[in-house]
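One structure below.
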Amino acid sequence: MPTKTAFLSFVFSALCASAAVAQAPLTVIDWLGQPDNSPPLPNTVLLEPPVAGSAAQPQITVTPLQALLPPIGLVAPAATGLPVDLWRGSDPKTIAKLIRTVSVQDSPAMQSLLFTLLLSESRPLLETGDPVLLARLDRLIILGATDPAQALVEQVGPAKTPAIFRRWFFTTLLSGDEDRACAAMIAAPYLAPNYSARVFCAARSGDWPTAALMLETAHALEILPNDQLQLLDRFLNPDIFELAPPLPIPTKPDPLTFRLYETIGEPLPTAPLARAFAAADLRDVAGWKAQLEAAERLTRAGALNPNQLLGLYTERSPAASGGIWDRVAALQKFEAALNSASSDEVANTLPAVWAAMQSAGLEVGFADLFAITLARFKLSGDVADLAWRIRLLAPSYEIASHSPPSSSARNDFLSALAQGRLGNLSAQATTSVDQPGTDQKDTEQSNAEQAKSRGTLVSLSPAAAFSALAHEPLAQSIARGFNDVTPVPQQIRTLLDNGQLGEAILRSMALFEQGAQGNLGDLSGSLAALRAIGLEDTARRAALQLMLLERG
């Protein structure tokens, strides 16, 4: 009987083992599901009965799974195309430094990409004290996008930490929405960025006795600089200092100082201040000229929708001439020409308004506004060529590239770039030149002459366009960047292989800036990297802007 029981136990154990072997394990980690390639154990080992070293219950270690942190951002991944784990695998301090330092000043395409990174929903790397979030907020404020920065803080929770609250308080001061921030500060004084803010908020809430008491305490204990004490004195007691001379203009005021000067009737001009202060001039309390200058400044940085600038441009008739008034007049005349549906009127006004936009660095904003409308007019000569190049700066650049106004090496190069046909241009050019018994230049010239005699338009081959621009290092570098055989820089390739997408994008942007400054090898590498990441549209627009915009 014991023998029979042991035999049945053995059969039952074998059947369980077979069932376990037959069912493949389910796993979400790829390498856990890979087959084991190690040599099999000797048969003698498999036939040995299981041996327990002790009859005691084995020790079980329980580790709780960490809940995923909610993503933070204003634009959903479905709209940006970026994953929520954008910063996964990277060091938070490294990402924060890259966000703060990557330069996008002269490239509207890179400005747009940076805003996408800053506003896209992404999971924080740390639950508390995340430096990436603070860097995102700081860069938005530096770029002048104070409203998105304020909205991002409010999504996270303004009172979460004093560092986050300080950024919220400063953005509300520039937008004129400081009453809510003051109410939160009064409820939780430990959030106050400084003692001056507490005095200011006490007065804003109507508690003048408390504000005066706090200011007297600051005087007695000397806990504020003298210039801040004088400013707060005039803020709380305007009647006493009514005939006093104006205070000295500070060189680097913070938003609170800026608002205090405005409150005492000595507003500071925003032009010499950081770009973030320009947002304050978009309020109704600012004059039209100040609003125009602020809108131009923010549009140039990519922080303001060009439609808002257009609304200000067309709000009323120019008040004078020269400077910004000439731009307003030129744009109003151009818009009137568009509304007249006259191609002649458009041809007469387009060169002047384009020169005005170039002087202000607003070419891409202008193209975004009017590219589609320009395509409806039949223009000729130099004006047609200008209109086509303006259309290449707009998001609809690829559509425009199929209808160049004339055939030239540069136009054909730009068309190939916009259409994504630039990939193997250098290889085609080399092959054409190396073919024996063929003079590529003579062939292209003959084709062009025949087309001209027939009254038709013919484009140069991509290889001929490449050869014709051989003396332009910038065009050659861009062509190499779109060649599929151009390698992605090793550092960026390693980041992509490790799944560190966000850091790879930021380093590609930094590399592009170096290339745009003259290091053309970095330019080719950055374009190849952007295309490998999947940012083909950004790579094309950035390259077109380098070719078409005149940046000093």
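By order of appearance in the structure tokens: chains A, B, ..., then residues from 1 within every chain, and ligands from 1 in the order shown.
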
Show me, as a count of residues only, the residues that have an atom within 10 Å of Tyr195 in chain A when counting only C-alpha atoms, minus same-chain residues fewer than 3 positions from it.
10

For Phe170 in chain A, list every protein, DNA or RNA residue within 12 Å, evaluated using only C-alpha atoms, and leave out those in the same chain fewer than 6 positions away; present the list as a PDB file with N, CA and C atoms, in the first residue's frame.
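Output below, filename selection-v8.pdb:
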```
ATOM      1  N   LEU A 137       9.010  74.780 -16.706  1.00  0.00           N
ATOM      2  CA  LEU A 137       8.363  76.033 -16.348  1.00  0.00           C
ATOM      3  C   LEU A 137       9.290  77.219 -16.597  1.00  0.00           C
ATOM      4  N   ASP A 138      10.546  77.086 -16.200  1.00  0.00           N
ATOM      5  CA  ASP A 138      11.501  78.182 -16.381  1.00  0.00           C
ATOM      6  C   ASP A 138      11.698  78.514 -17.854  1.00  0.00           C
ATOM      7  N   ILE A 141       8.745  80.379 -19.282  1.00  0.00           N
ATOM      8  CA  ILE A 141       8.746  81.775 -18.838  1.00  0.00           C
ATOM      9  C   ILE A 141       9.807  82.568 -19.582  1.00  0.00           C
ATOM     10  N   ILE A 142      10.983  81.991 -19.771  1.00  0.00           N
ATOM     11  CA  ILE A 142      12.057  82.680 -20.492  1.00  0.00           C
ATOM     12  C   ILE A 142      11.648  82.975 -21.929  1.00  0.00           C
ATOM     13  N   THR A 146       4.106  82.883 -20.764  1.00  0.00           N
ATOM     14  CA  THR A 146       3.721  82.898 -19.356  1.00  0.00           C
ATOM     15  C   THR A 146       2.350  82.260 -19.131  1.00  0.00           C
ATOM     16  N   ASP A 147       1.437  82.404 -20.088  1.00  0.00           N
ATOM     17  CA  ASP A 147       0.115  81.790 -19.918  1.00  0.00           C
ATOM     18  C   ASP A 147       0.206  80.260 -19.897  1.00  0.00           C
ATOM     19  N   ALA A 149       2.782  78.525 -19.040  1.00  0.00           N
ATOM     20  CA  ALA A 149       3.488  78.191 -17.799  1.00  0.00           C
ATOM     21  C   ALA A 149       2.542  78.245 -16.609  1.00  0.00           C
ATOM     22  N   GLN A 150       1.689  79.263 -16.582  1.00  0.00           N
ATOM     23  CA  GLN A 150       0.714  79.383 -15.492  1.00  0.00           C
ATOM     24  C   GLN A 150      -0.255  78.213 -15.515  1.00  0.00           C
ATOM     25  N   VAL A 153       1.457  75.041 -14.191  1.00  0.00           N
ATOM     26  CA  VAL A 153       1.571  75.051 -12.728  1.00  0.00           C
ATOM     27  C   VAL A 153       0.235  74.705 -12.085  1.00  0.00           C
ATOM     28  N   PRO A 158      -0.394  74.598  -7.604  1.00  0.00           N
ATOM     29  CA  PRO A 158       0.503  75.716  -7.289  1.00  0.00           C
ATOM     30  C   PRO A 158       1.116  75.649  -5.907  1.00  0.00           C
ATOM     31  N   ALA A 163       8.885  76.220  -4.484  1.00  0.00           N
ATOM     32  CA  ALA A 163       9.517  76.491  -5.780  1.00  0.00           C
ATOM     33  C   ALA A 163       8.480  76.595  -6.885  1.00  0.00           C
ATOM     34  N   ILE A 164       7.495  75.706  -6.874  1.00  0.00           N
ATOM     35  CA  ILE A 164       6.442  75.763  -7.884  1.00  0.00           C
ATOM     36  C   ILE A 164       5.569  76.996  -7.672  1.00  0.00           C
ATOM     37  N   GLY A 176      -1.663  89.683 -14.729  1.00  0.00           N
ATOM     38  CA  GLY A 176      -2.691  90.452 -14.039  1.00  0.00           C
ATOM     39  C   GLY A 176      -3.651  89.600 -13.242  1.00  0.00           C
ATOM     40  N   ASP A 177      -3.279  88.379 -12.940  1.00  0.00           N
ATOM     41  CA  ASP A 177      -4.157  87.448 -12.226  1.00  0.00           C
ATOM     42  C   ASP A 177      -3.592  87.119 -10.848  1.00  0.00           C
ATOM     43  N   GLU A 178      -2.951  88.106 -10.219  1.00  0.00           N
ATOM     44  CA  GLU A 178      -2.225  87.834  -8.984  1.00  0.00           C
ATOM     45  C   GLU A 178      -3.116  87.672  -7.756  1.00  0.00           C
ATOM     46  N   ASP A 179      -4.394  88.046  -7.842  1.00  0.00           N
ATOM     47  CA  ASP A 179      -5.257  87.962  -6.657  1.00  0.00           C
ATOM     48  C   ASP A 179      -5.409  86.519  -6.174  1.00  0.00           C
ATOM     49  N   ARG A 180      -5.512  85.574  -7.101  1.00  0.00           N
ATOM     50  CA  ARG A 180      -5.635  84.167  -6.695  1.00  0.00           C
ATOM     51  C   ARG A 180      -4.364  83.677  -6.022  1.00  0.00           C
ATOM     52  N   ALA A 181      -3.217  84.084  -6.578  1.00  0.00           N
ATOM     53  CA  ALA A 181      -1.951  83.681  -5.969  1.00  0.00           C
ATOM     54  C   ALA A 181      -1.791  84.303  -4.590  1.00  0.00           C
ATOM     55  N   CYS A 182      -2.227  85.549  -4.432  1.00  0.00           N
ATOM     56  CA  CYS A 182      -2.128  86.204  -3.130  1.00  0.00           C
ATOM     57  C   CYS A 182      -3.025  85.513  -2.104  1.00  0.00           C
ATOM     58  N   ALA A 192       5.424  81.968   0.465  1.00  0.00           N
ATOM     59  CA  ALA A 192       5.835  83.281  -0.030  1.00  0.00           C
ATOM     60  C   ALA A 192       7.273  83.260  -0.522  1.00  0.00           C
ATOM     61  N   PRO A 193       7.536  83.773  -1.736  1.00  0.00           N
ATOM     62  CA  PRO A 193       8.907  83.782  -2.242  1.00  0.00           C
ATOM     63  C   PRO A 193       9.820  84.740  -1.484  1.00  0.00           C
ATOM     64  N   ASN A 194       9.263  85.802  -0.917  1.00  0.00           N
ATOM     65  CA  ASN A 194      10.053  86.743  -0.128  1.00  0.00           C
ATOM     66  C   ASN A 194       9.106  87.588   0.726  1.00  0.00           C
ATOM     67  N   ALA A 197       6.675  90.039  -1.075  1.00  0.00           N
ATOM     68  CA  ALA A 197       5.447  89.451  -1.615  1.00  0.00           C
ATOM     69  C   ALA A 197       4.347  89.400  -0.566  1.00  0.00           C
ATOM     70  N   PRO A 253      14.745  93.894 -12.769  1.00  0.00           N
ATOM     71  CA  PRO A 253      13.646  93.733 -11.816  1.00  0.00           C
ATOM     72  C   PRO A 253      13.010  92.348 -11.922  1.00  0.00           C
ATOM     73  N   ASP A 254      12.479  91.884 -10.807  1.00  0.00           N
ATOM     74  CA  ASP A 254      11.666  90.669 -10.852  1.00  0.00           C
ATOM     75  C   ASP A 254      10.225  91.090 -11.122  1.00  0.00           C
ATOM     76  N   PRO A 255       9.321  90.145 -11.415  1.00  0.00           N
ATOM     77  CA  PRO A 255       7.937  90.527 -11.736  1.00  0.00           C
ATOM     78  C   PRO A 255       7.246  91.340 -10.652  1.00  0.00           C
ATOM     79  N   LEU A 256       7.561  91.073  -9.374  1.00  0.00           N
ATOM     80  CA  LEU A 256       6.929  91.841  -8.309  1.00  0.00           C
ATOM     81  C   LEU A 256       7.379  93.293  -8.355  1.00  0.00           C
ATOM     82  N   THR A 257       8.664  93.509  -8.512  1.00  0.00           N
ATOM     83  CA  THR A 257       9.173  94.880  -8.630  1.00  0.00           C
ATOM     84  C   THR A 257       8.552  95.582  -9.834  1.00  0.00           C
ATOM     85  N   PHE A 258       8.436  94.858 -10.940  1.00  0.00           N
ATOM     86  CA  PHE A 258       7.831  95.407 -12.154  1.00  0.00           C
ATOM     87  C   PHE A 258       6.409  95.872 -11.885  1.00  0.00           C
ATOM     88  N   ARG A 259       5.621  95.051 -11.201  1.00  0.00           N
ATOM     89  CA  ARG A 259       4.236  95.416 -10.924  1.00  0.00           C
ATOM     90  C   ARG A 259       4.146  96.555  -9.916  1.00  0.00           C
ATOM     91  N   ALA A 276       9.987  87.629 -20.934  1.00  0.00           N
ATOM     92  CA  ALA A 276       8.781  87.303 -20.169  1.00  0.00           C
ATOM     93  C   ALA A 276       7.962  88.541 -19.840  1.00  0.00           C
ATOM     94  N   PHE A 277       8.616  89.684 -19.650  1.00  0.00           N
ATOM     95  CA  PHE A 277       7.896  90.899 -19.285  1.00  0.00           C
ATOM     96  C   PHE A 277       7.058  91.428 -20.441  1.00  0.00           C
ATOM     97  N   ALA A 279       4.913  89.878 -22.053  1.00  0.00           N
ATOM     98  CA  ALA A 279       3.545  89.390 -21.898  1.00  0.00           C
ATOM     99  C   ALA A 279       2.679  90.386 -21.144  1.00  0.00           C
ATOM    100  N   ALA A 280       3.281  91.168 -20.253  1.00  0.00           N
ATOM    101  CA  ALA A 280       2.504  92.149 -19.488  1.00  0.00           C
ATOM    102  C   ALA A 280       1.951  93.248 -20.385  1.00  0.00           C
TER     103      ALA A 280
END
```

Which is closest to Glu335 in chain A among A:Ala274, A:Ala294, A:Ala356, A:Leu374, if we use only C-alpha atoms?
A:Leu374

For Gly323 in chain A: contacts at 12 Å, only C-alpha atoms, fewer than 6 positions along chain excluded, given as a list of chain:residue names:
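Close residues of Gly323 in chain A: A:Lys289, A:Leu292, A:Glu293, A:Ala329, A:Ala330, A:Ala356, A:Met357, A:Ser359, A:Ala360.
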
Using only C-alpha atoms, which protein or nucleic acid residues come within 12 Å of Ala341 in chain A? Drop anything in the same chain fewer than 3 positions from it, and give the result as a list in words.
Phe334, Glu335, Ala336, Ala337, Leu338, Asp344, Glu345, Val346, Ala347, Thr373, Leu374, Ala375, Arg376, Phe377 and Lys378 of chain A

Prev. selection, all heavy atoms, output as an mmCIF file, in the first residue's frame:
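Saved to selection25.cif:
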```
data_model
loop_
_atom_site.group_PDB
_atom_site.id
_atom_site.type_symbol
_atom_site.label_atom_id
_atom_site.label_comp_id
_atom_site.auth_asym_id
_atom_site.auth_seq_id
_atom_site.Cartn_x
_atom_site.Cartn_y
_atom_site.Cartn_z
ATOM 1 N N PHE A 334 -1.167 95.365 -47.782
ATOM 2 C CA PHE A 334 -1.112 94.032 -48.378
ATOM 3 C C PHE A 334 -2.415 93.271 -48.134
ATOM 4 O O PHE A 334 -2.940 92.612 -49.046
ATOM 5 C CB PHE A 334 0.068 93.258 -47.800
ATOM 6 C CG PHE A 334 0.145 91.833 -48.251
ATOM 7 C CD1 PHE A 334 0.494 91.514 -49.556
ATOM 8 C CD2 PHE A 334 -0.149 90.795 -47.373
ATOM 9 C CE1 PHE A 334 0.559 90.191 -49.976
ATOM 10 C CE2 PHE A 334 -0.085 89.475 -47.780
ATOM 11 C CZ PHE A 334 0.269 89.179 -49.090
ATOM 12 N N GLU A 335 -2.969 93.376 -46.958
ATOM 13 C CA GLU A 335 -4.226 92.684 -46.681
ATOM 14 C C GLU A 335 -5.359 93.262 -47.515
ATOM 15 O O GLU A 335 -6.242 92.524 -47.982
ATOM 16 C CB GLU A 335 -4.562 92.767 -45.187
ATOM 17 C CG GLU A 335 -5.698 91.832 -44.792
ATOM 18 C CD GLU A 335 -5.941 91.808 -43.308
ATOM 19 O OE1 GLU A 335 -5.906 92.880 -42.686
ATOM 20 O OE2 GLU A 335 -6.174 90.706 -42.764
ATOM 21 N N ALA A 336 -5.338 94.575 -47.733
ATOM 22 C CA ALA A 336 -6.347 95.183 -48.599
ATOM 23 C C ALA A 336 -6.202 94.672 -50.031
ATOM 24 O O ALA A 336 -7.199 94.445 -50.725
ATOM 25 C CB ALA A 336 -6.219 96.705 -48.558
ATOM 26 N N ALA A 337 -4.957 94.468 -50.471
ATOM 27 C CA ALA A 337 -4.736 93.925 -51.816
ATOM 28 C C ALA A 337 -5.261 92.500 -51.923
ATOM 29 O O ALA A 337 -5.857 92.115 -52.943
ATOM 30 C CB ALA A 337 -3.249 93.970 -52.154
ATOM 31 N N LEU A 338 -5.063 91.700 -50.887
ATOM 32 C CA LEU A 338 -5.600 90.340 -50.898
ATOM 33 C C LEU A 338 -7.125 90.364 -50.974
ATOM 34 O O LEU A 338 -7.735 89.572 -51.703
ATOM 35 C CB LEU A 338 -5.151 89.593 -49.643
ATOM 36 C CG LEU A 338 -3.664 89.253 -49.513
ATOM 37 C CD1 LEU A 338 -3.406 88.575 -48.166
ATOM 38 C CD2 LEU A 338 -3.198 88.360 -50.653
ATOM 39 N N ASP A 344 -2.519 92.103 -59.550
ATOM 40 C CA ASP A 344 -1.627 93.258 -59.721
ATOM 41 C C ASP A 344 -1.421 93.985 -58.393
ATOM 42 O O ASP A 344 -0.303 94.409 -58.065
ATOM 43 C CB ASP A 344 -2.216 94.220 -60.765
ATOM 44 C CG ASP A 344 -2.193 93.632 -62.176
ATOM 45 O OD1 ASP A 344 -1.384 92.700 -62.411
ATOM 46 O OD2 ASP A 344 -2.991 94.079 -63.013
ATOM 47 N N GLU A 345 -2.501 94.145 -57.635
ATOM 48 C CA GLU A 345 -2.373 94.806 -56.339
ATOM 49 C C GLU A 345 -1.490 93.992 -55.392
ATOM 50 O O GLU A 345 -0.676 94.542 -54.651
ATOM 51 C CB GLU A 345 -3.754 95.006 -55.710
ATOM 52 C CG GLU A 345 -4.617 96.033 -56.411
ATOM 53 C CD GLU A 345 -4.031 97.426 -56.291
ATOM 54 O OE1 GLU A 345 -3.445 97.731 -55.230
ATOM 55 O OE2 GLU A 345 -4.149 98.215 -57.246
ATOM 56 N N VAL A 346 -1.653 92.670 -55.410
ATOM 57 C CA VAL A 346 -0.824 91.814 -54.571
ATOM 58 C C VAL A 346 0.633 91.921 -54.984
ATOM 59 O O VAL A 346 1.541 92.015 -54.136
ATOM 60 C CB VAL A 346 -1.315 90.353 -54.643
ATOM 61 C CG1 VAL A 346 -0.331 89.422 -53.936
ATOM 62 C CG2 VAL A 346 -2.693 90.229 -54.024
ATOM 63 N N ALA A 347 0.889 91.924 -56.292
ATOM 64 C CA ALA A 347 2.261 92.030 -56.790
ATOM 65 C C ALA A 347 2.897 93.359 -56.392
ATOM 66 O O ALA A 347 4.114 93.429 -56.136
ATOM 67 C CB ALA A 347 2.280 91.868 -58.309
ATOM 68 N N THR A 373 -3.382 81.810 -48.924
ATOM 69 C CA THR A 373 -4.049 82.845 -49.724
ATOM 70 C C THR A 373 -3.197 83.252 -50.910
ATOM 71 O O THR A 373 -3.710 83.480 -52.021
ATOM 72 C CB THR A 373 -4.351 84.065 -48.845
ATOM 73 O OG1 THR A 373 -5.073 83.652 -47.688
ATOM 74 C CG2 THR A 373 -5.183 85.084 -49.603
ATOM 75 N N LEU A 374 -1.879 83.339 -50.736
ATOM 76 C CA LEU A 374 -0.997 83.733 -51.828
ATOM 77 C C LEU A 374 -1.060 82.755 -53.002
ATOM 78 O O LEU A 374 -0.902 83.151 -54.160
ATOM 79 C CB LEU A 374 0.453 83.819 -51.327
ATOM 80 C CG LEU A 374 0.922 85.162 -50.768
ATOM 81 C CD1 LEU A 374 2.344 85.037 -50.238
ATOM 82 C CD2 LEU A 374 0.852 86.242 -51.851
ATOM 83 N N ALA A 375 -1.290 81.483 -52.698
ATOM 84 C CA ALA A 375 -1.308 80.467 -53.755
ATOM 85 C C ALA A 375 -2.453 80.680 -54.738
ATOM 86 O O ALA A 375 -2.433 80.122 -55.845
ATOM 87 C CB ALA A 375 -1.404 79.079 -53.128
ATOM 88 N N ARG A 376 -3.451 81.479 -54.391
ATOM 89 C CA ARG A 376 -4.607 81.675 -55.258
ATOM 90 C C ARG A 376 -4.384 82.729 -56.333
ATOM 91 O O ARG A 376 -5.206 82.868 -57.237
ATOM 92 C CB ARG A 376 -5.825 82.066 -54.409
ATOM 93 C CG ARG A 376 -6.183 81.046 -53.330
ATOM 94 C CD ARG A 376 -7.232 81.605 -52.390
ATOM 95 N NE ARG A 376 -7.494 80.691 -51.278
ATOM 96 C CZ ARG A 376 -8.172 81.014 -50.185
ATOM 97 N NH1 ARG A 376 -8.657 82.257 -50.061
ATOM 98 N NH2 ARG A 376 -8.363 80.134 -49.218
ATOM 99 N N PHE A 377 -3.286 83.476 -56.237
ATOM 100 C CA PHE A 377 -3.056 84.568 -57.170
ATOM 101 C C PHE A 377 -2.040 84.155 -58.229
ATOM 102 O O PHE A 377 -1.089 83.419 -57.945
ATOM 103 C CB PHE A 377 -2.557 85.807 -56.425
ATOM 104 C CG PHE A 377 -3.592 86.427 -55.526
ATOM 105 C CD1 PHE A 377 -3.724 86.014 -54.211
ATOM 106 C CD2 PHE A 377 -4.448 87.411 -56.003
ATOM 107 C CE1 PHE A 377 -4.687 86.570 -53.381
ATOM 108 C CE2 PHE A 377 -5.403 87.974 -55.175
ATOM 109 C CZ PHE A 377 -5.523 87.560 -53.868
ATOM 110 N N LYS A 378 -2.264 84.644 -59.451
ATOM 111 C CA LYS A 378 -1.359 84.382 -60.565
ATOM 112 C C LYS A 378 -0.350 85.520 -60.649
ATOM 113 O O LYS A 378 -0.671 86.626 -61.090
ATOM 114 C CB LYS A 378 -2.146 84.260 -61.872
ATOM 115 C CG LYS A 378 -3.064 83.042 -61.913
ATOM 116 C CD LYS A 378 -3.770 82.933 -63.249
ATOM 117 C CE LYS A 378 -4.669 81.697 -63.293
ATOM 118 N NZ LYS A 378 -5.373 81.576 -64.596
#
```

Using only C-alpha atoms, the residue out of A:Gly515, A:Gly499, A:Gly481, A:Pro267 with shortest distance to Leu527 in chain A is A:Gly481

At a cut-off of 9 Å, using only C-alpha atoms, what residues contact Leu98 in chain A? Leave out same-chain residues fewer than 4 positions from it and give the result as a PyMOL selection string.
chain A and resi 93-94+102+135+503+506-507+510

Calculate how many Å separate CA of Ser403 in chain A from CA of Leu474 in chain A, rounding to one decimal.
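Result for CA of Ser403 in chain A versus CA of Leu474 in chain A: 23.8 Å, one decimal.
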
When DSSP is applied to the backbone of this structure, which of range 48-188 of chain A are assigned strand (DSSP E or B)? Write them out as a list in words.
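Reading the DSSP output for range 48-188 of chain A, strand (DSSP E or B) covers Ile72, Val75, Ser120 and Ser122 of chain A.
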
Ranking A:Pro162, A:Gly157, A:Pro473, A:Pro83 by minimum distance to Gly518 in chain A and counting only C-alpha atoms, which one comes first?
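The closest residue to Gly518 in chain A is A:Pro473.
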
Just the residues within 9 Å of Leu369 in chain A, please, counting only C-alpha atoms, with nothing from its chain fewer than 2 positions along; format it as a list in words.
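Here the qualifying residues turn out to be Pro306, Asn307, Leu310, Val364, Gly365, Phe366, Ala367, Ala371, Ile372, Thr373 and Ala394 of chain A.
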
Write the residues of the preceding selection, restricted to C-alpha atoms, as a compact mmCIF listing (two decimals), in the first residue's frame.
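Contents of the output file again-v2.txt:
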```
# COMPACT_ATOMS: atom_id res chain seq x y z
CA PRO A 306 0.65 84.97 -35.43
CA ASN A 307 -3.10 85.52 -35.63
CA LEU A 310 -2.37 90.13 -37.13
CA VAL A 364 7.73 82.56 -40.74
CA GLY A 365 4.79 84.11 -38.88
CA PHE A 366 3.88 86.03 -42.02
CA ALA A 367 4.13 82.86 -44.11
CA ALA A 371 0.81 81.28 -47.64
CA ILE A 372 -2.47 79.58 -48.55
CA THR A 373 -4.05 82.85 -49.72
CA ALA A 394 4.66 77.69 -44.21
```

Contact residues around Leu191 in chain A with only C-alpha atoms at 9 Å, ignoring same-chain residues under 3 positions, as a list of chain:residue names:
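Residues meeting the cut-off are A:Ala159, A:Thr161, A:Pro162, A:Ala163, A:Phe165, A:Arg166, A:Ala184, A:Met185, A:Ile186, A:Ala188, A:Asn194.
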
Do you have the CA of Arg123 in chain A-CA of Ser107 in chain A distance handy?
27.5 Å
